[in-house]
file input-v3.txt (compact mmCIF, C-alpha atoms)
# COMPACT_ATOMS: atom_id res chain seq x y z
CA MET Q 1 0.00 0.00 0.00
CA THR Q 2 1.14 3.55 -0.71
CA PRO Q 3 1.45 6.09 2.12
CA LEU Q 4 -1.80 7.70 0.96
CA ASP Q 5 -3.63 4.36 0.88
CA GLN Q 6 -2.49 3.66 4.44
CA ALA Q 7 -3.38 7.14 5.70
CA SER Q 8 -6.78 6.98 4.01
CA ALA Q 9 -7.60 3.62 5.60
CA ILE Q 10 -6.45 4.84 9.02
CA LEU Q 11 -8.61 7.96 8.76
CA LEU Q 12 -11.70 6.02 7.68
CA ILE Q 13 -11.35 3.51 10.49
CA GLY Q 14 -10.71 6.32 12.98
CA SER Q 15 -13.72 8.35 11.85
CA ILE Q 16 -16.01 5.33 12.23
CA ALA Q 17 -14.57 4.58 15.67
CA GLY Q 18 -14.96 8.21 16.69
CA LEU Q 19 -18.58 8.32 15.55
CA VAL Q 20 -19.37 5.13 17.46
CA GLY Q 21 -17.60 6.54 20.51
CA ALA Q 22 -19.66 9.73 20.29
CA VAL Q 23 -22.89 7.71 20.20
CA VAL Q 24 -21.85 5.63 23.21
CA PHE Q 25 -20.74 8.72 25.16
CA ALA Q 26 -24.01 10.49 24.32
CA LEU Q 27 -26.03 7.54 25.58
CA VAL Q 28 -24.06 7.40 28.83
CA ARG Q 29 -24.37 11.18 29.34
CA ARG Q 30 -28.06 11.31 28.44
CA GLY Q 31 -30.08 13.10 31.07
CA ARG Q 32 -27.09 13.95 33.26
CA PRO Q 33 -26.60 17.59 34.26
CA GLY Q 34 -23.40 19.52 33.53
CA GLY Q 35 -20.72 18.93 30.92
CA LEU Q 36 -21.39 18.52 27.23
CA SER Q 37 -24.95 17.61 26.33
CA SER Q 38 -25.65 14.40 24.42
CA ARG Q 39 -26.84 16.49 21.48
CA THR Q 40 -23.60 18.49 21.33
CA VAL Q 41 -21.51 15.31 21.49
CA LEU Q 42 -23.48 13.75 18.63
CA GLU Q 43 -23.29 16.94 16.57
CA ARG Q 44 -19.53 17.18 17.02
CA GLY Q 45 -19.06 13.49 16.27
CA GLY Q 46 -21.10 13.83 13.09
CA SER Q 47 -19.22 16.96 12.02
CA TYR Q 48 -15.85 15.27 12.60
CA ALA Q 49 -16.94 12.23 10.59
CA LEU Q 50 -18.22 14.36 7.70
CA LEU Q 51 -15.05 16.45 7.61
CA ALA Q 52 -12.96 13.26 7.68
CA LEU Q 53 -14.81 11.90 4.66
CA LEU Q 54 -14.35 15.17 2.76
CA LEU Q 55 -10.64 15.29 3.63
CA ASN Q 56 -10.22 11.69 2.53
CA ALA Q 57 -11.99 12.25 -0.77
CA ALA Q 58 -9.91 15.36 -1.46
CA ALA Q 59 -6.59 13.69 -0.69
CA ARG Q 60 -7.49 10.61 -2.74
CA THR Q 61 -8.16 12.73 -5.84
CA GLY Q 62 -4.84 14.55 -5.59
CA VAL Q 63 -4.28 18.18 -6.50
CA PRO Q 64 -7.76 18.79 -8.04
CA GLY Q 65 -9.48 17.45 -4.93
CA MET Q 66 -7.28 19.45 -2.60
CA VAL Q 67 -7.90 22.63 -4.59
CA ILE Q 68 -11.66 22.07 -4.44
CA LEU Q 69 -11.69 21.28 -0.71
CA THR Q 70 -9.34 24.04 0.43
CA GLY Q 71 -11.00 26.46 -1.98
CA ALA Q 72 -14.38 25.70 -0.40
CA MET Q 73 -12.88 26.07 3.09
CA SER Q 74 -11.28 29.35 2.07
CA ALA Q 75 -14.50 30.74 0.60
CA ALA Q 76 -16.52 29.77 3.68
CA GLY Q 77 -13.85 31.08 6.04
CA LEU Q 78 -13.52 34.39 4.21
CA TYR Q 79 -17.29 34.79 4.14
CA GLU Q 80 -17.31 34.37 7.92
CA TRP Q 81 -14.35 36.76 8.25
CA GLY Q 82 -16.06 39.46 6.19
CA ARG Q 83 -19.30 39.00 8.10
CA MET Q 84 -17.57 39.16 11.50
CA PHE Q 85 -15.93 42.48 10.71
CA GLY Q 86 -18.79 43.99 8.74
CA LEU Q 87 -16.91 44.32 5.46
CA PRO Q 88 -18.91 45.79 2.56
CA LEU Q 89 -20.35 43.27 0.12
CA HIS Q 90 -17.89 44.11 -2.67
CA HIS Q 91 -14.98 43.48 -0.26
CA ARG Q 92 -16.42 40.11 0.74
CA ILE Q 93 -16.79 39.07 -2.88
CA ALA Q 94 -13.30 40.35 -3.71
CA ILE Q 95 -11.53 38.44 -0.93
CA ILE Q 96 -13.36 35.21 -1.79
CA ILE Q 97 -12.23 35.58 -5.43
CA ALA Q 98 -8.69 36.40 -4.25
CA GLY Q 99 -8.66 33.28 -2.07
CA LEU Q 100 -9.77 31.07 -4.95
CA LEU Q 101 -7.10 32.59 -7.21
CA ILE Q 102 -4.39 31.91 -4.62
CA ILE Q 103 -5.36 28.30 -4.04
CA GLY Q 104 -6.05 27.61 -7.71
CA GLY Q 105 -2.78 29.25 -8.71
CA ILE Q 106 -0.76 27.14 -6.26
CA GLY Q 107 -2.59 24.04 -7.49
CA ARG Q 108 -1.73 24.80 -11.11
CA GLU Q 109 1.75 26.32 -10.90
CA GLY Q 110 3.00 25.32 -7.44
CA VAL Q 111 4.79 27.88 -5.29
CA HIS Q 112 6.01 29.60 -8.47
CA ALA Q 113 2.52 31.10 -8.73
CA THR Q 114 3.45 33.47 -5.92
CA ASP Q 115 5.58 35.41 -8.42
CA TRP Q 116 2.46 36.90 -10.00
CA LEU Q 117 -0.10 36.33 -7.24
CA VAL Q 118 1.54 38.52 -4.62
CA GLY Q 119 2.21 41.54 -6.81
CA GLY Q 120 -1.06 41.23 -8.72
CA LEU Q 121 -3.29 40.99 -5.67
CA VAL Q 122 -1.47 43.80 -3.85
CA LEU Q 123 -1.92 46.10 -6.85
CA VAL Q 124 -5.61 45.24 -7.16
CA GLY Q 125 -6.09 45.76 -3.43
CA ALA Q 126 -4.37 49.13 -3.62
CA LEU Q 127 -7.06 50.30 -6.03
CA TRP Q 128 -9.94 49.88 -3.57
CA PRO Q 129 -9.31 52.94 -1.35
CA VAL Q 130 -8.87 55.08 -4.48
CA VAL Q 131 -11.97 53.85 -6.31
CA ARG Q 132 -14.01 53.89 -3.12
CA SER Q 133 -13.37 57.39 -1.76
CA ASP Q 134 -14.57 56.71 1.77
CA THR Q 135 -12.15 58.46 4.11
CA GLY Q 136 -13.95 57.00 7.11
CA ARG Q 137 -13.15 53.30 6.63
CA ALA Q 138 -11.70 52.48 3.18
CA ILE Q 139 -8.14 51.85 4.44
CA ARG Q 140 -9.38 50.01 7.53
CA ASP Q 141 -11.54 47.72 5.39
CA LEU Q 142 -8.61 47.09 3.04
CA GLY Q 143 -6.43 46.11 6.00
CA THR Q 144 -9.08 43.80 7.46
CA ALA Q 145 -9.61 42.17 4.07
CA ALA Q 146 -5.86 41.73 3.51
CA VAL Q 147 -5.39 40.11 6.92
CA GLY Q 148 -8.24 37.68 6.19
CA VAL Q 149 -6.67 36.68 2.87
CA ALA Q 150 -3.26 36.23 4.48
CA LEU Q 151 -4.59 34.09 7.34
CA ILE Q 152 -7.03 31.86 5.48
CA PRO Q 153 -6.30 31.04 1.80
CA VAL Q 154 -2.57 31.78 1.98
CA LEU Q 155 -2.10 29.40 4.90
CA LEU Q 156 -4.48 26.77 3.46
CA ALA Q 157 -2.56 26.88 0.18
CA HIS Q 158 0.38 25.23 1.97
CA GLY Q 159 -1.73 22.06 2.11
CA VAL Q 160 -2.18 22.21 -1.66
CA ALA Q 161 1.56 22.82 -2.07
CA LEU Q 162 2.30 19.67 -0.05
CA VAL Q 163 0.33 17.59 -2.54
CA VAL Q 164 1.71 19.43 -5.60
CA GLU Q 165 5.30 18.82 -4.46
CA ARG Q 166 5.01 15.47 -2.68
CA GLY Q 167 2.08 13.72 -4.32
CA GLY Q 168 0.44 10.98 -2.27
CA ALA Q 169 2.94 11.40 0.56
CA GLY Q 170 1.89 15.07 0.83
CA GLY Q 171 -1.76 14.04 0.93
CA ALA Q 172 -0.98 11.51 3.66
CA LEU Q 173 0.76 14.19 5.74
CA PHE Q 174 -2.18 16.57 5.29
CA LEU Q 175 -4.62 13.90 6.53
CA ALA Q 176 -2.37 13.16 9.51
CA LEU Q 177 -2.02 16.86 10.42
CA ALA Q 178 -5.76 17.46 10.22
CA THR Q 179 -6.45 14.43 12.42
CA ALA Q 180 -3.72 15.33 14.91
CA CYS Q 181 -5.12 18.87 15.21
CA ALA Q 182 -8.54 17.44 16.02
CA PHE Q 183 -7.03 15.05 18.60
CA SER Q 184 -5.03 17.91 20.10
CA ASP Q 185 -8.09 20.13 20.44
CA VAL Q 186 -10.24 17.40 21.99
CA ALA Q 187 -7.55 16.28 24.44
CA ALA Q 188 -6.87 19.88 25.49
CA PHE Q 189 -10.59 20.36 26.17
CA VAL Q 190 -10.85 17.17 28.23
CA VAL Q 191 -7.69 17.77 30.25
CA GLY Q 192 -8.48 21.45 30.74
CA LYS Q 193 -12.02 20.76 31.94
CA THR Q 194 -10.86 17.99 34.28
CA TRP Q 195 -7.64 19.38 35.76
CA GLY Q 196 -7.35 22.93 34.49
CA ARG Q 197 -6.61 25.50 37.20
CA HIS Q 198 -4.31 28.11 35.68
CA GLN Q 199 -5.49 30.28 32.81
CA LEU Q 200 -3.30 30.34 29.73
CA ALA Q 201 -4.55 33.52 28.03
CA PRO Q 202 -7.26 35.11 30.21
CA THR Q 203 -7.77 38.09 27.91
CA LEU Q 204 -8.16 36.12 24.69
CA SER Q 205 -9.68 32.83 25.88
CA PRO Q 206 -10.48 32.56 29.62
CA ASN Q 207 -11.40 28.86 29.35
CA LYS Q 208 -7.98 27.79 28.10
CA THR Q 209 -5.58 26.56 30.77
CA ARG Q 210 -1.90 25.70 31.03
CA GLU Q 211 -2.90 22.20 32.08
CA GLY Q 212 -4.88 21.94 28.85
CA MET Q 213 -1.65 22.37 26.92
CA VAL Q 214 -0.56 18.99 28.25
CA GLY Q 215 -3.65 17.64 26.54
CA ASN Q 216 -2.62 19.44 23.34
CA VAL Q 217 0.69 17.58 23.29
CA ALA Q 218 -0.83 14.22 24.26
CA GLY Q 219 -3.55 14.53 21.64
CA ALA Q 220 -1.09 15.53 18.95
CA ALA Q 221 1.16 12.59 19.83
CA LEU Q 222 -1.74 10.12 19.69
CA GLY Q 223 -3.13 11.55 16.47
CA LEU Q 224 0.24 11.32 14.71
CA ALA Q 225 1.12 7.93 16.22
CA VAL Q 226 -1.74 6.19 14.43
CA PHE Q 227 -0.38 7.47 11.11
CA THR Q 228 3.16 6.18 11.76
CA PRO Q 229 2.85 3.30 9.23
CA ALA Q 230 1.96 5.81 6.50
CA LEU Q 231 4.43 8.58 7.33
CA VAL Q 232 7.62 7.06 8.71
CA GLY Q 233 8.66 5.73 5.29
CA PRO Q 234 8.50 8.94 3.22
CA TYR Q 235 9.36 11.36 6.04
CA GLY Q 236 11.43 9.48 8.61
CA ALA Q 237 10.98 9.07 12.36
CA PRO Q 238 12.79 12.31 13.39
CA PHE Q 239 10.52 14.45 11.22
CA LEU Q 240 7.42 12.65 12.48
CA ALA Q 241 8.53 13.18 16.10
CA SER Q 242 9.08 16.88 15.41
CA MET Q 243 5.47 17.16 14.28
CA VAL Q 244 4.16 16.44 17.80
CA PRO Q 245 5.21 19.75 19.41
CA LEU Q 246 4.52 21.52 16.13
CA VAL Q 247 0.89 20.34 16.04
CA ALA Q 248 0.43 21.16 19.72
CA LEU Q 249 1.89 24.64 19.20
CA GLY Q 250 -0.06 25.22 15.99
CA SER Q 251 -3.33 24.17 17.63
CA VAL Q 252 -2.94 26.60 20.52
CA TRP Q 253 -1.58 29.37 18.31
CA GLY Q 254 -4.36 29.08 15.74
CA ASP Q 255 -7.09 28.85 18.37
CA LEU Q 256 -5.86 31.92 20.25
CA LEU Q 257 -5.42 33.84 16.99
CA GLU Q 258 -9.04 33.20 16.07
CA SER Q 259 -10.09 34.10 19.62
CA ALA Q 260 -8.31 37.45 19.20
CA ALA Q 261 -10.21 38.07 15.97
CA LYS Q 262 -13.56 37.14 17.50
CA ARG Q 263 -12.90 39.29 20.58
CA GLU Q 264 -12.14 42.28 18.41
CA ALA Q 265 -15.20 41.62 16.24
CA GLY Q 266 -17.37 41.09 19.33
CA VAL Q 267 -18.73 37.65 18.36
CA LYS Q 268 -18.75 34.28 20.11
CA ASP Q 269 -18.58 32.03 17.04
CA ALA Q 270 -17.36 32.75 13.53
CA GLY Q 271 -20.53 31.16 12.14
CA ARG Q 272 -23.39 28.86 13.02
CA TRP Q 273 -23.70 26.35 10.20
CA LEU Q 274 -21.29 23.61 11.40
CA PRO Q 275 -23.16 21.51 14.02
CA GLY Q 276 -21.44 21.40 17.39
CA PHE Q 277 -18.71 23.90 16.49
CA GLY Q 278 -20.12 27.08 15.01
CA GLY Q 279 -18.38 28.14 11.79
CA ILE Q 280 -15.68 26.70 9.57
CA LEU Q 281 -13.08 29.02 11.14
CA ASP Q 282 -13.91 27.56 14.54
CA ARG Q 283 -12.94 24.15 13.15
CA ILE Q 284 -9.92 24.90 10.94
CA ASP Q 285 -8.16 27.57 13.03
CA SER Q 286 -5.61 25.04 14.32
CA LEU Q 287 -4.99 23.53 10.88
CA LEU Q 288 -4.27 26.91 9.26
CA ILE Q 289 -1.13 27.46 11.32
CA THR Q 290 -0.11 23.81 11.58
CA VAL Q 291 -0.11 22.94 7.88
CA ALA Q 292 1.98 26.02 7.05
CA LEU Q 293 4.52 25.20 9.78
CA ALA Q 294 4.73 21.58 8.64
CA TYR Q 295 5.28 22.59 5.02
CA TRP Q 296 8.15 24.91 5.85
CA ILE Q 297 9.80 22.52 8.30
CA ALA Q 298 9.70 19.77 5.68
CA ARG Q 299 11.12 22.13 3.07
CA LEU Q 300 13.82 23.74 5.22
CA ALA Q 301 14.85 20.41 6.75
CA GLY Q 302 15.38 19.02 3.26
CA VAL Q 303 12.95 16.11 3.60
CA PRO Q 304 13.26 14.31 0.21
CA LEU Q 305 10.48 14.88 -2.31
call {"tool": "encode", "arguments": {"input": "input-v3.txt", "output": "structure tokens"}}
result
Amino acid sequence: MTPLDQASAILLIGSIAGLVGAVVFALVRRGRPGGLSSRTVLERGGSYALLALLLNAAARTGVPGMVILTGAMSAAGLYEWGRMFGLPLHHRIAIIIAGLLIIGGIGREGVHATDWLVGGLVLVGALWPVVRSDTGRAIRDLGTAAVGVALIPVLLAHGVALVVERGGAGGALFLALATACAFSDVAAFVVGKTWGRHQLAPTLSPNKTREGMVGNVAGAALGLAVFTPALVGPYGAPFLASMVPLVALGSVWGDLLESAAKREAGVKDAGRWLPGFGGILDRIDSLLITVALAYWIARLAGVPL
């Protein structure tokens, strides 16, 4: 079996096991006060399973599938970003188009697409404050839009670049990173709720604790460990081990970054359409940072293509 075949099988088995576990947990928790409700557990389990199937389908179809999936994530995330900060409609449409151009360009040309994407998009963006002569908010809206594009499609495009440059092995790594981020988030929640006493970032996210960070590391380690048969061959054990603290760091970093954005925008959730989580940004915030870090570590460390 290829690394992608192995990773795909592992993810499918894990998603089924997770869904069954959610059903069992919901039945045990049914009618008990406090903690997560049975409905929330089932909603989150279903959302995780659906996302796992979409990730698997995208990775299995290579670059086209990854472009479609990350493009859809980017469009949904940018829609939520524009809505959170009250961007005008034309700005929302523009950043969604910019995100699709970035991800599609990387899918077609690889990282060489940045030669024309960066300059082209900056020049187009620089037109907005001139065309729209609103001295009250034109520059502010441009800045908010630019930050959204930098944080969402630019970071997601690193997942596409992994598949463009590394083929099935890149797809396998993307699946492993996405799963490890989910494990890291869940373990941090469980550990934080059970043993958390010391706040990690009281201004940005009062519910996050230093004890929960232990859960981040443990969850990342477990999530990556199950993908060892698929990843150790193309990447090597040292690289795989380095991914554990990276995923833990990326999960916390991405979560707190989104918390900062939501605090400034004055909203609790980025959206409301993803059952059990809120919006797509509430689910992919950890992955945005993690996949970019993993790409650059693999590239700078000279991991063979």
call {"tool": "closest_residue", "arguments": {"input": "input-v3.txt", "among": "Q:Ala178, Q:Val303, Q:Ala187, Q:Val122", "to": "Ala145 in chain Q", "atoms": "all atoms listed in the file"}}
result
Q:Val122
call {"tool": "closest_residue", "arguments": {"input": "input-v3.txt", "among": "Q:Val291, Q:Val147, Q:Leu27, Q:Val232", "to": "Thr179 in chain Q", "atoms": "all atoms listed in the file"}}
result
Q:Val291
call {"tool": "residues_around", "arguments": {"input": "input-v3.txt", "residues": "range 192-201 of chain Q", "least_positions_apart": "5", "cutoff": "9 Å", "atoms": "all atoms listed in the file", "output": "list in words"}}
result
Gly35, Ala187, Pro206, Asn207, Lys208, Thr209, Arg210, Glu211, Gly212, Met213, Val214, Gly215 and Leu256 of chain Q
call {"tool": "closest_residue", "arguments": {"input": "input-v3.txt", "among": "Q:Ser47, Q:Trp253, Q:Ala7, Q:Pro153", "to": "Gly278 in chain Q", "atoms": "only C-alpha atoms"}}
result
Q:Ser47
call {"tool": "closest_residue", "arguments": {"input": "input-v3.txt", "among": "Q:Val124, Q:Pro238, Q:Ala188, Q:Ala176", "to": "Ala225 in chain Q", "atoms": "all atoms listed in the file"}}
result
Q:Ala176
call {"tool": "closest_residue", "arguments": {"input": "input-v3.txt", "among": "Q:Leu69, Q:Leu281, Q:Leu127, Q:Val24", "to": "Asn56 in chain Q", "atoms": "all atoms listed in the file"}}
result
Q:Leu69
call {"tool": "closest_residue", "arguments": {"input": "input-v3.txt", "among": "Q:Met243, Q:Ala169, Q:Leu151, Q:Leu177", "to": "Ala52 in chain Q", "atoms": "all atoms listed in the file"}}
result
Q:Leu177
call {"tool": "atom_distance", "arguments": {"input": "input-v3.txt", "atom1": "CA of Arg137 in chain Q", "atom2": "CA of Asp255 in chain Q"}}
result
27.8 Å
call {"tool": "build_atoms", "arguments": {"input": "input-v3.txt", "residues": "range 171-199 of chain Q", "atoms": "N, CA and C atoms", "output": "PDB file, in the frame of the given file"}}
result
ATOM      1  N   GLY Q 171      -0.373  14.244   0.524  1.00  0.00           N
ATOM      2  CA  GLY Q 171      -1.760  14.040   0.930  1.00  0.00           C
ATOM      3  C   GLY Q 171      -1.859  13.288   2.239  1.00  0.00           C
ATOM      4  N   ALA Q 172      -0.992  12.278   2.414  1.00  0.00           N
ATOM      5  CA  ALA Q 172      -0.980  11.510   3.660  1.00  0.00           C
ATOM      6  C   ALA Q 172      -0.627  12.402   4.848  1.00  0.00           C
ATOM      7  N   LEU Q 173       0.368  13.277   4.656  1.00  0.00           N
ATOM      8  CA  LEU Q 173       0.760  14.190   5.740  1.00  0.00           C
ATOM      9  C   LEU Q 173      -0.370  15.149   6.060  1.00  0.00           C
ATOM     10  N   PHE Q 174      -1.063  15.652   5.045  1.00  0.00           N
ATOM     11  CA  PHE Q 174      -2.180  16.570   5.290  1.00  0.00           C
ATOM     12  C   PHE Q 174      -3.271  15.887   6.104  1.00  0.00           C
ATOM     13  N   LEU Q 175      -3.613  14.649   5.760  1.00  0.00           N
ATOM     14  CA  LEU Q 175      -4.620  13.900   6.530  1.00  0.00           C
ATOM     15  C   LEU Q 175      -4.169  13.718   7.974  1.00  0.00           C
ATOM     16  N   ALA Q 176      -2.886  13.375   8.157  1.00  0.00           N
ATOM     17  CA  ALA Q 176      -2.370  13.160   9.510  1.00  0.00           C
ATOM     18  C   ALA Q 176      -2.407  14.454  10.322  1.00  0.00           C
ATOM     19  N   LEU Q 177      -2.019  15.576   9.711  1.00  0.00           N
ATOM     20  CA  LEU Q 177      -2.020  16.860  10.420  1.00  0.00           C
ATOM     21  C   LEU Q 177      -3.426  17.270  10.822  1.00  0.00           C
ATOM     22  N   ALA Q 178      -4.382  17.106   9.910  1.00  0.00           N
ATOM     23  CA  ALA Q 178      -5.760  17.460  10.220  1.00  0.00           C
ATOM     24  C   ALA Q 178      -6.298  16.616  11.367  1.00  0.00           C
ATOM     25  N   THR Q 179      -5.995  15.319  11.341  1.00  0.00           N
ATOM     26  CA  THR Q 179      -6.450  14.430  12.420  1.00  0.00           C
ATOM     27  C   THR Q 179      -5.769  14.771  13.729  1.00  0.00           C
ATOM     28  N   ALA Q 180      -4.462  15.009  13.686  1.00  0.00           N
ATOM     29  CA  ALA Q 180      -3.720  15.330  14.910  1.00  0.00           C
ATOM     30  C   ALA Q 180      -4.208  16.641  15.524  1.00  0.00           C
ATOM     31  N   CYS Q 181      -4.561  17.613  14.687  1.00  0.00           N
ATOM     32  CA  CYS Q 181      -5.120  18.870  15.210  1.00  0.00           C
ATOM     33  C   CYS Q 181      -6.423  18.619  15.944  1.00  0.00           C
ATOM     34  N   ALA Q 182      -7.274  17.767  15.369  1.00  0.00           N
ATOM     35  CA  ALA Q 182      -8.540  17.440  16.020  1.00  0.00           C
ATOM     36  C   ALA Q 182      -8.296  16.730  17.359  1.00  0.00           C
ATOM     37  N   PHE Q 183      -7.373  15.753  17.364  1.00  0.00           N
ATOM     38  CA  PHE Q 183      -7.030  15.050  18.600  1.00  0.00           C
ATOM     39  C   PHE Q 183      -6.485  16.023  19.633  1.00  0.00           C
ATOM     40  N   SER Q 184      -5.637  16.935  19.195  1.00  0.00           N
ATOM     41  CA  SER Q 184      -5.030  17.910  20.100  1.00  0.00           C
ATOM     42  C   SER Q 184      -6.084  18.796  20.740  1.00  0.00           C
ATOM     43  N   ASP Q 185      -7.024  19.272  19.925  1.00  0.00           N
ATOM     44  CA  ASP Q 185      -8.090  20.130  20.440  1.00  0.00           C
ATOM     45  C   ASP Q 185      -8.967  19.403  21.449  1.00  0.00           C
ATOM     46  N   VAL Q 186      -9.354  18.168  21.104  1.00  0.00           N
ATOM     47  CA  VAL Q 186     -10.240  17.400  21.990  1.00  0.00           C
ATOM     48  C   VAL Q 186      -9.535  17.073  23.302  1.00  0.00           C
ATOM     49  N   ALA Q 187      -8.284  16.629  23.221  1.00  0.00           N
ATOM     50  CA  ALA Q 187      -7.550  16.280  24.440  1.00  0.00           C
ATOM     51  C   ALA Q 187      -7.328  17.499  25.321  1.00  0.00           C
ATOM     52  N   ALA Q 188      -7.048  18.655  24.707  1.00  0.00           N
ATOM     53  CA  ALA Q 188      -6.870  19.880  25.490  1.00  0.00           C
ATOM     54  C   ALA Q 188      -8.164  20.243  26.215  1.00  0.00           C
ATOM     55  N   PHE Q 189      -9.289  20.074  25.542  1.00  0.00           N
ATOM     56  CA  PHE Q 189     -10.590  20.360  26.170  1.00  0.00           C
ATOM     57  C   PHE Q 189     -10.837  19.451  27.360  1.00  0.00           C
ATOM     58  N   VAL Q 190     -10.602  18.144  27.165  1.00  0.00           N
ATOM     59  CA  VAL Q 190     -10.850  17.170  28.230  1.00  0.00           C
ATOM     60  C   VAL Q 190      -9.939  17.410  29.432  1.00  0.00           C
ATOM     61  N   VAL Q 191      -8.652  17.562  29.166  1.00  0.00           N
ATOM     62  CA  VAL Q 191      -7.690  17.770  30.250  1.00  0.00           C
ATOM     63  C   VAL Q 191      -7.954  19.104  30.945  1.00  0.00           C
ATOM     64  N   GLY Q 192      -8.220  20.140  30.158  1.00  0.00           N
ATOM     65  CA  GLY Q 192      -8.480  21.450  30.740  1.00  0.00           C
ATOM     66  C   GLY Q 192      -9.713  21.464  31.624  1.00  0.00           C
ATOM     67  N   LYS Q 193     -10.786  20.810  31.155  1.00  0.00           N
ATOM     68  CA  LYS Q 193     -12.020  20.760  31.940  1.00  0.00           C
ATOM     69  C   LYS Q 193     -11.850  19.943  33.216  1.00  0.00           C
ATOM     70  N   THR Q 194     -11.024  18.904  33.145  1.00  0.00           N
ATOM     71  CA  THR Q 194     -10.860  17.990  34.280  1.00  0.00           C
ATOM     72  C   THR Q 194      -9.859  18.509  35.305  1.00  0.00           C
ATOM     73  N   TRP Q 195      -8.717  18.995  34.831  1.00  0.00           N
ATOM     74  CA  TRP Q 195      -7.640  19.380  35.760  1.00  0.00           C
ATOM     75  C   TRP Q 195      -7.203  20.836  35.644  1.00  0.00           C
ATOM     76  N   GLY Q 196      -7.788  21.563  34.720  1.00  0.00           N
ATOM     77  CA  GLY Q 196      -7.350  22.930  34.490  1.00  0.00           C
ATOM     78  C   GLY Q 196      -7.569  23.861  35.677  1.00  0.00           C
ATOM     79  N   ARG Q 197      -6.520  24.556  36.084  1.00  0.00           N
ATOM     80  CA  ARG Q 197      -6.610  25.500  37.200  1.00  0.00           C
ATOM     81  C   ARG Q 197      -6.014  26.860  36.856  1.00  0.00           C
ATOM     82  N   HIS Q 198      -5.043  26.876  35.969  1.00  0.00           N
ATOM     83  CA  HIS Q 198      -4.310  28.110  35.680  1.00  0.00           C
ATOM     84  C   HIS Q 198      -4.601  28.564  34.254  1.00  0.00           C
ATOM     85  N   GLN Q 199      -5.133  29.758  34.130  1.00  0.00           N
ATOM     86  CA  GLN Q 199      -5.490  30.280  32.810  1.00  0.00           C
ATOM     87  C   GLN Q 199      -4.256  30.497  31.942  1.00  0.00           C
TER      88      GLN Q 199
END
